[in-house]
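Undergrad: You'll find query.cif just under this line, and it carries mmCIF, C-alpha atoms.
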data_start
#
loop_
_atom_site.label_atom_id
_atom_site.label_comp_id
_atom_site.auth_asym_id
_atom_site.auth_seq_id
_atom_site.Cartn_x
_atom_site.Cartn_y
_atom_site.Cartn_z
CA MET A 1 34.96 -78.50 110.62
CA GLU A 2 34.47 -77.93 106.94
CA PHE A 3 35.86 -74.85 105.25
CA PHE A 4 32.54 -73.88 103.73
CA ASN A 5 28.91 -74.15 104.70
CA PRO A 6 27.00 -73.70 101.44
CA LYS A 7 23.87 -71.56 101.33
CA SER A 8 22.51 -73.44 98.32
CA ASN A 9 22.75 -77.09 97.44
CA VAL A 10 21.88 -77.39 93.76
CA ASN A 11 23.18 -80.52 92.07
CA PHE A 12 24.75 -78.81 89.04
CA MET A 13 26.98 -81.76 88.27
CA GLY A 14 23.95 -84.04 88.14
CA ILE A 15 22.79 -82.37 84.93
CA ARG A 16 26.25 -81.92 83.42
CA ARG A 17 25.59 -84.24 80.48
CA TRP A 18 22.59 -82.18 79.41
CA THR A 19 24.29 -78.81 79.88
CA VAL A 20 27.41 -79.88 77.99
CA MET A 21 25.22 -81.31 75.23
CA VAL A 22 23.39 -77.97 74.89
CA SER A 23 26.70 -76.09 74.86
CA LEU A 24 28.14 -78.35 72.16
CA LEU A 25 24.97 -77.95 70.09
CA LEU A 26 25.22 -74.14 70.35
CA ILE A 27 28.92 -74.26 69.43
CA ALA A 28 28.17 -76.45 66.39
CA THR A 29 25.40 -74.07 65.28
CA SER A 30 27.71 -71.07 65.67
CA VAL A 31 30.58 -72.71 63.79
CA ILE A 32 28.29 -73.77 60.93
CA SER A 33 26.85 -70.26 60.68
CA LEU A 34 30.32 -68.68 60.74
CA ALA A 35 31.54 -71.10 58.06
CA THR A 36 28.55 -70.68 55.73
CA LYS A 37 27.16 -67.22 56.41
CA GLY A 38 30.14 -65.50 57.99
CA LEU A 39 30.09 -62.12 59.73
CA ASN A 40 28.60 -58.89 58.47
CA LEU A 41 31.93 -57.07 58.50
CA SER A 42 31.89 -53.30 58.70
CA LEU A 43 33.88 -50.76 56.74
CA ASP A 44 36.68 -51.18 59.30
CA PHE A 45 37.38 -54.62 57.83
CA THR A 46 36.06 -54.43 54.27
CA GLY A 47 37.11 -50.91 53.26
CA GLY A 48 34.89 -48.13 51.91
CA SER A 49 34.26 -44.42 52.51
CA LEU A 50 33.54 -42.56 55.73
CA ILE A 51 31.90 -39.13 55.61
CA GLU A 52 31.24 -36.93 58.65
CA VAL A 53 28.39 -34.42 58.51
CA HIS A 54 27.61 -31.55 60.90
CA TYR A 55 24.06 -30.18 61.00
CA ALA A 56 23.32 -26.62 62.11
CA GLN A 57 20.07 -27.93 63.66
CA PRO A 58 19.44 -31.23 65.48
CA VAL A 59 18.62 -34.11 63.17
CA GLU A 60 17.30 -37.64 63.59
CA GLN A 61 19.23 -40.63 62.29
CA ALA A 62 16.17 -41.95 60.44
CA ASP A 63 15.84 -38.64 58.55
CA VAL A 64 19.47 -38.86 57.36
CA SER A 65 19.01 -42.44 56.15
CA ALA A 66 15.77 -41.54 54.36
CA ALA A 67 17.40 -38.57 52.61
CA LEU A 68 20.27 -40.73 51.34
CA GLU A 69 17.92 -43.42 50.05
CA LYS A 70 15.78 -40.81 48.30
CA ALA A 71 18.89 -39.46 46.55
CA GLY A 72 19.87 -42.93 45.32
CA ILE A 73 22.66 -43.60 47.85
CA HIS A 74 21.88 -47.07 49.11
CA HIS A 75 23.12 -49.33 51.92
CA ALA A 76 24.60 -46.37 53.84
CA ILE A 77 25.30 -46.95 57.53
CA VAL A 78 24.47 -43.85 59.56
CA GLN A 79 25.85 -43.38 63.06
CA ARG A 80 24.65 -40.45 65.15
CA PHE A 81 27.28 -39.15 67.57
CA ASP A 82 25.09 -36.41 69.06
CA SER A 83 22.07 -34.35 68.02
CA ASN A 84 24.03 -32.44 65.34
CA ASN A 85 26.77 -34.80 64.10
CA VAL A 86 26.53 -38.01 62.10
CA ALA A 87 28.98 -40.32 60.37
CA ILE A 88 27.99 -42.00 57.11
CA ARG A 89 29.69 -45.18 55.95
CA LEU A 90 29.49 -46.42 52.37
CA ASP A 91 30.68 -49.91 51.49
CA PRO A 92 33.10 -50.47 48.56
CA SER A 93 30.38 -51.61 46.15
CA GLU A 94 28.35 -48.45 46.73
CA VAL A 95 31.47 -46.28 46.40
CA ALA A 96 32.29 -47.99 43.09
CA ARG A 97 28.71 -47.54 41.86
CA LEU A 98 28.67 -43.84 42.73
CA ALA A 99 32.12 -43.35 41.18
CA GLY A 100 30.93 -45.05 38.00
CA LYS A 101 28.07 -42.54 37.66
CA MET A 102 30.44 -39.58 37.85
CA PRO A 103 31.91 -37.99 34.73
CA LYS A 104 35.45 -39.07 33.98
CA SER A 105 38.17 -36.46 33.65
CA ALA A 106 41.82 -36.48 32.73
CA ASP A 107 42.91 -35.50 36.23
CA SER A 108 40.62 -38.00 37.98
CA THR A 109 42.35 -39.17 41.15
CA LEU A 110 41.39 -40.84 44.41
CA ASP A 111 41.12 -37.43 46.12
CA THR A 112 38.92 -36.13 43.31
CA ARG A 113 36.64 -39.14 43.58
CA ASP A 114 36.37 -38.75 47.36
CA SER A 115 35.48 -35.08 47.03
CA GLN A 116 32.86 -35.93 44.42
CA ILE A 117 31.30 -38.56 46.69
CA SER A 118 31.26 -36.04 49.55
CA GLU A 119 29.53 -33.58 47.21
CA SER A 120 26.91 -36.23 46.33
CA VAL A 121 26.21 -36.76 50.02
CA ARG A 122 26.06 -32.99 50.64
CA SER A 123 23.54 -32.55 47.82
CA ALA A 124 21.38 -35.37 49.19
CA LEU A 125 21.35 -34.11 52.77
CA SER A 126 21.02 -30.40 52.08
CA ALA A 127 17.76 -30.89 50.18
CA GLY A 128 14.96 -29.01 51.88
CA GLY A 129 17.19 -26.14 52.91
CA ARG A 130 19.08 -27.84 55.76
CA GLN A 131 22.34 -26.15 56.71
CA ILE A 132 25.12 -28.76 56.85
CA THR A 133 28.89 -29.01 56.74
CA VAL A 134 30.39 -32.09 55.08
CA LYS A 135 33.96 -33.10 55.81
CA PRO A 136 35.93 -34.68 52.95
CA SER A 137 35.35 -38.39 52.41
CA VAL A 138 37.94 -40.69 53.95
CA TYR A 139 38.53 -43.89 52.01
CA VAL A 140 39.60 -47.06 53.81
CA GLY A 141 41.23 -49.42 51.32
CA PRO A 142 40.77 -53.20 51.29
CA GLN A 143 44.36 -53.72 52.44
CA VAL A 144 43.77 -51.63 55.57
CA GLY A 145 40.61 -53.62 56.26
CA ALA A 146 42.54 -56.87 55.82
CA ASP A 147 45.19 -55.64 58.25
CA PHE A 148 42.49 -54.86 60.83
CA LYS A 149 41.03 -58.33 60.34
CA TYR A 150 44.40 -60.02 60.74
CA GLY A 151 45.23 -57.90 63.80
CA GLY A 152 41.91 -58.76 65.42
CA ILE A 153 42.44 -62.50 64.97
CA VAL A 154 45.98 -62.25 66.35
CA ALA A 155 44.75 -60.23 69.34
CA VAL A 156 42.18 -62.90 70.27
CA PHE A 157 44.73 -65.73 70.11
CA VAL A 158 47.37 -63.75 72.02
CA VAL A 159 44.86 -63.13 74.81
CA LEU A 160 43.90 -66.80 74.91
CA ALA A 161 47.53 -67.93 75.01
CA GLY A 162 48.48 -65.43 77.72
CA ILE A 163 45.57 -66.44 79.93
CA MET A 164 46.31 -70.15 79.46
CA LEU A 165 49.95 -69.69 80.52
CA TYR A 166 48.94 -67.66 83.57
CA ILE A 167 46.41 -70.23 84.77
CA MET A 168 48.82 -73.09 84.10
CA PHE A 169 51.37 -71.51 86.44
CA ARG A 170 48.81 -70.19 88.92
CA PHE A 171 46.74 -73.37 89.20
CA GLU A 172 47.39 -76.54 87.22
CA TRP A 173 47.28 -77.60 83.57
CA LYS A 174 43.84 -79.22 83.87
CA PHE A 175 42.44 -75.96 85.20
CA ALA A 176 44.12 -74.11 82.31
CA LEU A 177 42.52 -76.40 79.72
CA ALA A 178 39.09 -76.07 81.34
CA THR A 179 39.40 -72.27 81.36
CA ILE A 180 40.51 -72.11 77.72
CA ALA A 181 37.62 -74.41 76.74
CA CYS A 182 35.25 -72.07 78.56
CA GLU A 183 36.78 -69.02 76.85
CA LEU A 184 36.52 -70.55 73.39
CA HIS A 185 32.94 -71.52 74.19
CA ASP A 186 32.02 -67.92 75.06
CA VAL A 187 33.87 -66.31 72.14
CA ILE A 188 32.45 -68.74 69.56
CA LEU A 189 28.89 -68.28 70.82
CA THR A 190 29.27 -64.49 70.79
CA LEU A 191 30.59 -64.56 67.23
CA GLY A 192 27.85 -67.02 66.30
CA PHE A 193 25.23 -64.59 67.60
CA PHE A 194 26.52 -61.88 65.26
CA SER A 195 26.66 -64.31 62.37
CA LEU A 196 23.11 -65.58 62.90
CA THR A 197 21.57 -62.13 63.45
CA GLY A 198 23.56 -60.38 60.73
CA MET A 199 24.46 -57.47 63.01
CA GLU A 200 27.40 -55.40 61.83
CA PHE A 201 30.77 -56.52 63.17
CA ASP A 202 33.19 -53.61 63.57
CA LEU A 203 36.21 -52.72 65.70
CA THR A 204 34.06 -51.80 68.71
CA VAL A 205 32.47 -55.25 68.60
CA LEU A 206 35.93 -56.82 68.39
CA ALA A 207 36.89 -54.86 71.51
CA ALA A 208 33.75 -56.19 73.20
CA VAL A 209 34.68 -59.77 72.24
CA LEU A 210 38.07 -59.29 73.94
CA ALA A 211 36.26 -57.86 76.97
CA VAL A 212 34.00 -60.92 76.99
CA ASP A 213 37.16 -63.02 76.99
CA GLY A 214 38.37 -61.30 80.15
CA TYR A 215 34.94 -61.43 81.80
CA SER A 216 34.69 -65.15 81.10
CA VAL A 217 38.09 -65.76 82.67
CA ASN A 218 37.21 -63.72 85.76
CA ASP A 219 34.03 -65.69 86.40
CA THR A 220 35.70 -69.03 85.76
CA ILE A 221 38.72 -68.25 87.93
CA VAL A 222 36.49 -67.43 90.91
CA VAL A 223 34.87 -70.87 90.68
CA LEU A 224 38.13 -72.73 90.06
CA ASP A 225 39.83 -70.97 92.95
CA ARG A 226 37.06 -72.21 95.24
CA VAL A 227 37.50 -75.70 93.78
CA ARG A 228 41.17 -75.59 94.73
CA GLU A 229 40.42 -74.38 98.26
CA LEU A 230 37.81 -77.08 98.83
CA PHE A 231 40.13 -79.81 97.55
CA LYS A 232 42.75 -78.68 100.08
CA THR A 233 40.48 -78.11 103.07
CA THR A 234 37.92 -80.93 102.90
CA ARG A 235 38.26 -84.67 103.33
CA ASN A 236 36.45 -87.68 101.94
CA LEU A 237 34.66 -85.71 99.24
CA THR A 238 34.53 -86.93 95.67
CA PRO A 239 35.48 -84.54 92.85
CA VAL A 240 31.80 -84.28 91.89
CA GLU A 241 30.89 -83.16 95.42
CA VAL A 242 33.76 -80.66 95.50
CA LEU A 243 32.74 -79.12 92.18
CA ASN A 244 29.12 -78.90 93.29
CA ARG A 245 30.10 -77.14 96.50
CA ALA A 246 32.40 -74.77 94.64
CA VAL A 247 29.65 -73.68 92.24
CA ASN A 248 27.09 -73.33 95.02
CA SER A 249 29.43 -71.32 97.21
CA THR A 250 30.12 -68.79 94.44
CA LEU A 251 26.61 -68.77 93.00
CA SER A 252 25.34 -65.66 94.77
CA ARG A 253 28.51 -63.75 93.89
CA THR A 254 28.27 -64.85 90.25
CA ILE A 255 24.62 -63.86 89.93
CA MET A 256 25.05 -60.45 91.62
CA THR A 257 28.15 -59.57 89.57
CA SER A 258 26.53 -60.61 86.30
CA LEU A 259 23.27 -58.84 87.12
CA THR A 260 24.84 -55.50 88.01
CA THR A 261 27.13 -55.61 84.97
CA LEU A 262 24.23 -56.59 82.73
CA LEU A 263 22.09 -53.66 83.91
CA THR A 264 24.87 -51.24 82.97
CA VAL A 265 25.32 -52.77 79.52
CA LEU A 266 21.56 -52.82 78.92
CA ALA A 267 21.53 -49.07 79.56
CA LEU A 268 24.24 -48.68 76.91
CA PHE A 269 22.26 -50.82 74.48
CA PHE A 270 18.98 -48.91 74.79
CA TRP A 271 20.26 -45.37 75.35
CA GLY A 272 23.87 -45.36 74.14
CA GLY A 273 22.98 -44.70 70.52
CA PRO A 274 23.69 -46.64 67.32
CA SER A 275 27.47 -46.26 67.63
CA LEU A 276 27.43 -48.39 70.81
CA ARG A 277 24.68 -50.81 69.76
CA GLY A 278 26.98 -53.57 68.48
CA PHE A 279 29.46 -53.10 71.34
CA SER A 280 26.77 -53.39 74.01
CA ALA A 281 25.03 -56.29 72.24
CA ALA A 282 28.28 -58.28 72.23
CA LEU A 283 28.74 -57.59 75.94
CA ILE A 284 25.16 -58.62 76.75
CA VAL A 285 25.57 -61.94 74.95
CA GLY A 286 29.03 -62.41 76.46
CA ILE A 287 27.83 -61.79 80.02
CA LEU A 288 24.92 -64.21 79.69
CA VAL A 289 26.99 -66.90 77.98
CA GLY A 290 29.98 -66.37 80.30
CA THR A 291 27.87 -66.69 83.42
CA MET A 292 26.26 -69.89 82.18
CA SER A 293 29.54 -71.42 81.01
CA SER A 294 31.31 -70.82 84.34
CA ILE A 295 28.55 -72.82 86.04
CA PHE A 296 27.49 -75.43 83.51
CA PHE A 297 30.47 -75.90 81.18
CA ALA A 298 33.84 -75.25 82.86
CA ASN A 299 33.32 -77.62 85.77
CA PRO A 300 32.07 -80.58 83.69
CA VAL A 301 35.16 -80.14 81.48
CA LEU A 302 37.35 -80.10 84.58
CA LEU A 303 35.66 -83.27 85.82
CA TRP A 304 36.09 -84.90 82.41
CA LEU A 305 39.83 -84.11 82.58
CA GLY A 306 39.95 -86.14 85.80
CA VAL A 307 40.92 -83.50 88.36
CA THR A 308 41.66 -84.88 91.82
CA LYS A 309 42.94 -83.66 95.17
CA GLN A 310 46.42 -84.96 94.32
CA ASP A 311 46.65 -82.63 91.30
CA LEU A 312 46.78 -79.67 93.68
CA MET A 313 48.78 -81.29 96.45
CA PRO A 314 52.23 -82.20 95.07
CA LYS A 315 53.65 -82.60 98.59
CA ALA A 316 50.97 -85.12 99.46
CA LYS A 317 51.97 -87.20 96.45
CA GLU A 318 55.63 -87.11 97.48
CA ASP A 319 54.75 -88.11 101.05
CA ALA A 320 52.64 -90.98 99.81
CA GLU A 321 55.47 -92.26 97.67
CA LEU A 322 57.90 -92.04 100.61
CA ALA A 323 55.46 -93.91 102.86
CA ARG A 324 55.27 -96.82 100.40
CA ARG A 325 59.02 -97.23 100.30
CA PRO A 326 60.53 -99.92 102.56
#
Could you show the structure in this file as structure tokens?

TA:
Amino acid sequence: MEFFNPKSNVNFMGIRRWTVMVSLLLIATSVISLATKGLNLSLDFTGGSLIEVHYAQPVEQADVSAALEKAGIHHAIVQRFDSNNVAIRLDPSEVARLAGKMPKSADSTLDTRDSQISESVRSALSAGGRQITVKPSVYVGPQVGADFKYGGIVAVFVVLAGIMLYIMFRFEWKFALATIACELHDVILTLGFFSLTGMEFDLTVLAAVLAVDGYSVNDTIVVLDRVRELFKTTRNLTPVEVLNRAVNSTLSRTIMTSLTTLLTVLALFFWGGPSLRGFSAALIVGILVGTMSSIFFANPVLLWLGVTKQDLMPKAKEDAELARRP
């Protein structure tokens, strides 16, 4: 009696050449975009000024942006935390331009410049009689932004290395390589999405990329664990048949998990406000890409690596060697 009676019988491995080809094409497009266009890095990584403003009356984000543009403060990123509080981010070039328009004084310092920039923002937003409170400008230097960038890259590679070691001990090295290939696939495509669309890439998006990493591993591990079980509990099945059964047996679970998670993230995207827009967009792309890669990419890679029943049955290999001895 077989371990599993599949509810679906889709021949996923039969189209593996096409699905891998599409994945490789998307990876190449993402890498080219990242190399030529790059990411639209936020103030967290590039440096600049951050100004928090409290309104006595509720205000719309579009009204704040329009008031800044009208006052000659361009390229400001406005994030609305609630109906009365907004954060305004100015990139280094805009900070330098505004600082250049201000009168120079003998005691001109960084604090003086920040207070003057805050005063410029206050003047722009208080036009029309609005009652506001502006907190002093906080300047993030380029070195701090570079440290954030370096820390983010290190965090991604540490996560990848840790997961690879875990899977190598928990399963087998071929499974570890297939999982890492799937992870890199999902991370590169998510970063490629932000590069192609030009959406701002900040620390919240970096956190979402790391979350995508974990989500991708979770989905892939479920499938690979079923592959291992089927290799151990079935007989006379080729690796292609085992991989097909593994994907089919976890298909309903994969779809339901991805769908319920996606609905939650879509709610964040549409109603979570601008501060969560990039975070939720990264998760949406990651969930879609991660679900597809666990079905159409990880298993073809595992098959290409030549996984067999003997890879997961070391005792069987020892017994076979003993049986061949005279």

Undergrad: Please provide as a list of chain:residue names all residues within 6 Å of range 293-297 of chain A, with the sequence filter that same-chain residues fewer than 5 positions apart are discarded (counting all atoms listed in the file).

TA: A:Thr19, A:Val20, A:Thr220

Undergrad: Between A:Thr257, A:Phe270, A:Thr308, A:Thr29, single out the one closest to Asn236 in chain A, counting only C-alpha atoms.

TA: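 Smallest distance to Asn236 in chain A is found for A:Thr308.
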
Undergrad: To one decimal in Å, tell me the separation between CA of Thr133 in chain A and CA of Leu68 in chain A.

TA: 15.5 Å

Undergrad: Counting all atoms listed in the file, figure out which residue out of A:Phe45, A:Phe231, A:Trp304, A:Tyr215 gets nearest to Ala246 in chain A.

TA: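 Among the listed residues, A:Phe231 lies closest to Ala246 in chain A.
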
Undergrad: Please, what distance in Å, to one decimal, runs between CA of Ser258 in chain A and CA of Gly290 in chain A?

TA: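 Between CA of Ser258 in chain A and CA of Gly290 in chain A the gap works out to 9.0 Å.
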
Undergrad: Hey, what comes out of the PyMOL selection byres ((chain A and resi 287) around 10) on this file? Could you write it as a PyMOL selection string?

TA: chain A and resi 186+190+211-213+215-216+219+257-259+261-262+265+281-286+288-293

Undergrad: With the PyMOL selection byres ((chain A and resi 50) around 12) as the selection, what would be picked from this file? Answer as number ranges by chain, please.

TA: A: 42-44, 47-49, 51-53, 76-79, 86-92, 94-95, 114-115, 117-118, 121, 134-141

Undergrad: I need the residues from that last selection saved to file as a PDB file, in the frame of the given file (with C-alpha atoms), if you can.

TA:
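Saved as selection-v7.pdb:
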ATOM      1  CA  SER A  42      31.890 -53.300  58.700  1.00  0.00           C
ATOM      2  CA  LEU A  43      33.880 -50.760  56.740  1.00  0.00           C
ATOM      3  CA  ASP A  44      36.680 -51.180  59.300  1.00  0.00           C
ATOM      4  CA  GLY A  47      37.110 -50.910  53.260  1.00  0.00           C
ATOM      5  CA  GLY A  48      34.890 -48.130  51.910  1.00  0.00           C
ATOM      6  CA  SER A  49      34.260 -44.420  52.510  1.00  0.00           C
ATOM      7  CA  ILE A  51      31.900 -39.130  55.610  1.00  0.00           C
ATOM      8  CA  GLU A  52      31.240 -36.930  58.650  1.00  0.00           C
ATOM      9  CA  VAL A  53      28.390 -34.420  58.510  1.00  0.00           C
ATOM     10  CA  ALA A  76      24.600 -46.370  53.840  1.00  0.00           C
ATOM     11  CA  ILE A  77      25.300 -46.950  57.530  1.00  0.00           C
ATOM     12  CA  VAL A  78      24.470 -43.850  59.560  1.00  0.00           C
ATOM     13  CA  GLN A  79      25.850 -43.380  63.060  1.00  0.00           C
ATOM     14  CA  VAL A  86      26.530 -38.010  62.100  1.00  0.00           C
ATOM     15  CA  ALA A  87      28.980 -40.320  60.370  1.00  0.00           C
ATOM     16  CA  ILE A  88      27.990 -42.000  57.110  1.00  0.00           C
ATOM     17  CA  ARG A  89      29.690 -45.180  55.950  1.00  0.00           C
ATOM     18  CA  LEU A  90      29.490 -46.420  52.370  1.00  0.00           C
ATOM     19  CA  ASP A  91      30.680 -49.910  51.490  1.00  0.00           C
ATOM     20  CA  PRO A  92      33.100 -50.470  48.560  1.00  0.00           C
ATOM     21  CA  GLU A  94      28.350 -48.450  46.730  1.00  0.00           C
ATOM     22  CA  VAL A  95      31.470 -46.280  46.400  1.00  0.00           C
ATOM     23  CA  ASP A 114      36.370 -38.750  47.360  1.00  0.00           C
ATOM     24  CA  SER A 115      35.480 -35.080  47.030  1.00  0.00           C
ATOM     25  CA  ILE A 117      31.300 -38.560  46.690  1.00  0.00           C
ATOM     26  CA  SER A 118      31.260 -36.040  49.550  1.00  0.00           C
ATOM     27  CA  VAL A 121      26.210 -36.760  50.020  1.00  0.00           C
ATOM     28  CA  VAL A 134      30.390 -32.090  55.080  1.00  0.00           C
ATOM     29  CA  LYS A 135      33.960 -33.100  55.810  1.00  0.00           C
ATOM     30  CA  PRO A 136      35.930 -34.680  52.950  1.00  0.00           C
ATOM     31  CA  SER A 137      35.350 -38.390  52.410  1.00  0.00           C
ATOM     32  CA  VAL A 138      37.940 -40.690  53.950  1.00  0.00           C
ATOM     33  CA  TYR A 139      38.530 -43.890  52.010  1.00  0.00           C
ATOM     34  CA  VAL A 140      39.600 -47.060  53.810  1.00  0.00           C
ATOM     35  CA  GLY A 141      41.230 -49.420  51.320  1.00  0.00           C
TER      36      GLY A 141
END

Undergrad: Given the PyMOL selection byres ((chain A and resi 180) around 10) and the file above, list the residues it selects as a PyMOL selection string.

TA: chain A and resi 160-161+163-164+167+174-179+181-186+213+216-217+220+298

Undergrad: Just C-alpha atoms for this one: save the residues we selected as an mmCIF file, in the coordinates of the input.

TA:
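After the write, again32.cif holds the following:
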data_model
loop_
_atom_site.group_PDB
_atom_site.id
_atom_site.type_symbol
_atom_site.label_atom_id
_atom_site.label_comp_id
_atom_site.auth_asym_id
_atom_site.auth_seq_id
_atom_site.Cartn_x
_atom_site.Cartn_y
_atom_site.Cartn_z
ATOM 1 C CA LEU A 160 43.900 -66.800 74.910
ATOM 2 C CA ALA A 161 47.530 -67.930 75.010
ATOM 3 C CA ILE A 163 45.570 -66.440 79.930
ATOM 4 C CA MET A 164 46.310 -70.150 79.460
ATOM 5 C CA ILE A 167 46.410 -70.230 84.770
ATOM 6 C CA LYS A 174 43.840 -79.220 83.870
ATOM 7 C CA PHE A 175 42.440 -75.960 85.200
ATOM 8 C CA ALA A 176 44.120 -74.110 82.310
ATOM 9 C CA LEU A 177 42.520 -76.400 79.720
ATOM 10 C CA ALA A 178 39.090 -76.070 81.340
ATOM 11 C CA THR A 179 39.400 -72.270 81.360
ATOM 12 C CA ALA A 181 37.620 -74.410 76.740
ATOM 13 C CA CYS A 182 35.250 -72.070 78.560
ATOM 14 C CA GLU A 183 36.780 -69.020 76.850
ATOM 15 C CA LEU A 184 36.520 -70.550 73.390
ATOM 16 C CA HIS A 185 32.940 -71.520 74.190
ATOM 17 C CA ASP A 186 32.020 -67.920 75.060
ATOM 18 C CA ASP A 213 37.160 -63.020 76.990
ATOM 19 C CA SER A 216 34.690 -65.150 81.100
ATOM 20 C CA VAL A 217 38.090 -65.760 82.670
ATOM 21 C CA THR A 220 35.700 -69.030 85.760
ATOM 22 C CA ALA A 298 33.840 -75.250 82.860
#

Undergrad: What are the closest atom pairs, with distances in Å to one decimal, for all residues of range 219-308 of chain A lying within 12 Å of range 56-64 of chain A? Consider all atoms listed in the file, order rows by chain and residue number, and present the result as JSON lines.

TA:
{"residue": "A:Gly273", "atom": "CA", "partner": "A:Gln61", "partner_atom": "CA", "distance": 9.9}
{"residue": "A:Pro274", "atom": "CA", "partner": "A:Gln61", "partner_atom": "CA", "distance": 9.0}
{"residue": "A:Ser275", "atom": "CA", "partner": "A:Gln61", "partner_atom": "CA", "distance": 11.3}

Undergrad: CA of Phe269 in chain A and CA of Ser33 in chain A are how many Å apart?

TA: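 Interatomic distance, CA of Phe269 in chain A to CA of Ser33 in chain A: 24.3 Å.
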
Undergrad: Given 5 Å of margin on each side, can you work out the centre and size in Å (one decimal) of an axis-aligned box holding every listed atom of range 147-161 of chain A, as AutoDock Vina command-line options?

TA:
--center_x 44.3 --center_y -61.4 --center_z 66.6 --size_x 16.5 --size_y 23.1 --size_z 26.8

Undergrad: From the list A:Ser280, A:Asn84, A:Asn248, A:Thr264, which residue is nearest Val10 in chain A when using all atoms listed in the file?

TA: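 Ranked by minimum distance to Val10 in chain A, first place goes to A:Asn248.
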
Undergrad: Can you tell me, as a PyMOL selection string, what residues are no more than 7 Å from Gly192 in chain A when counting all atoms listed in the file, ignoring any on the same chain fewer than 2 positions away?

TA: chain A and resi 30-31+33-34+188-190+194-196
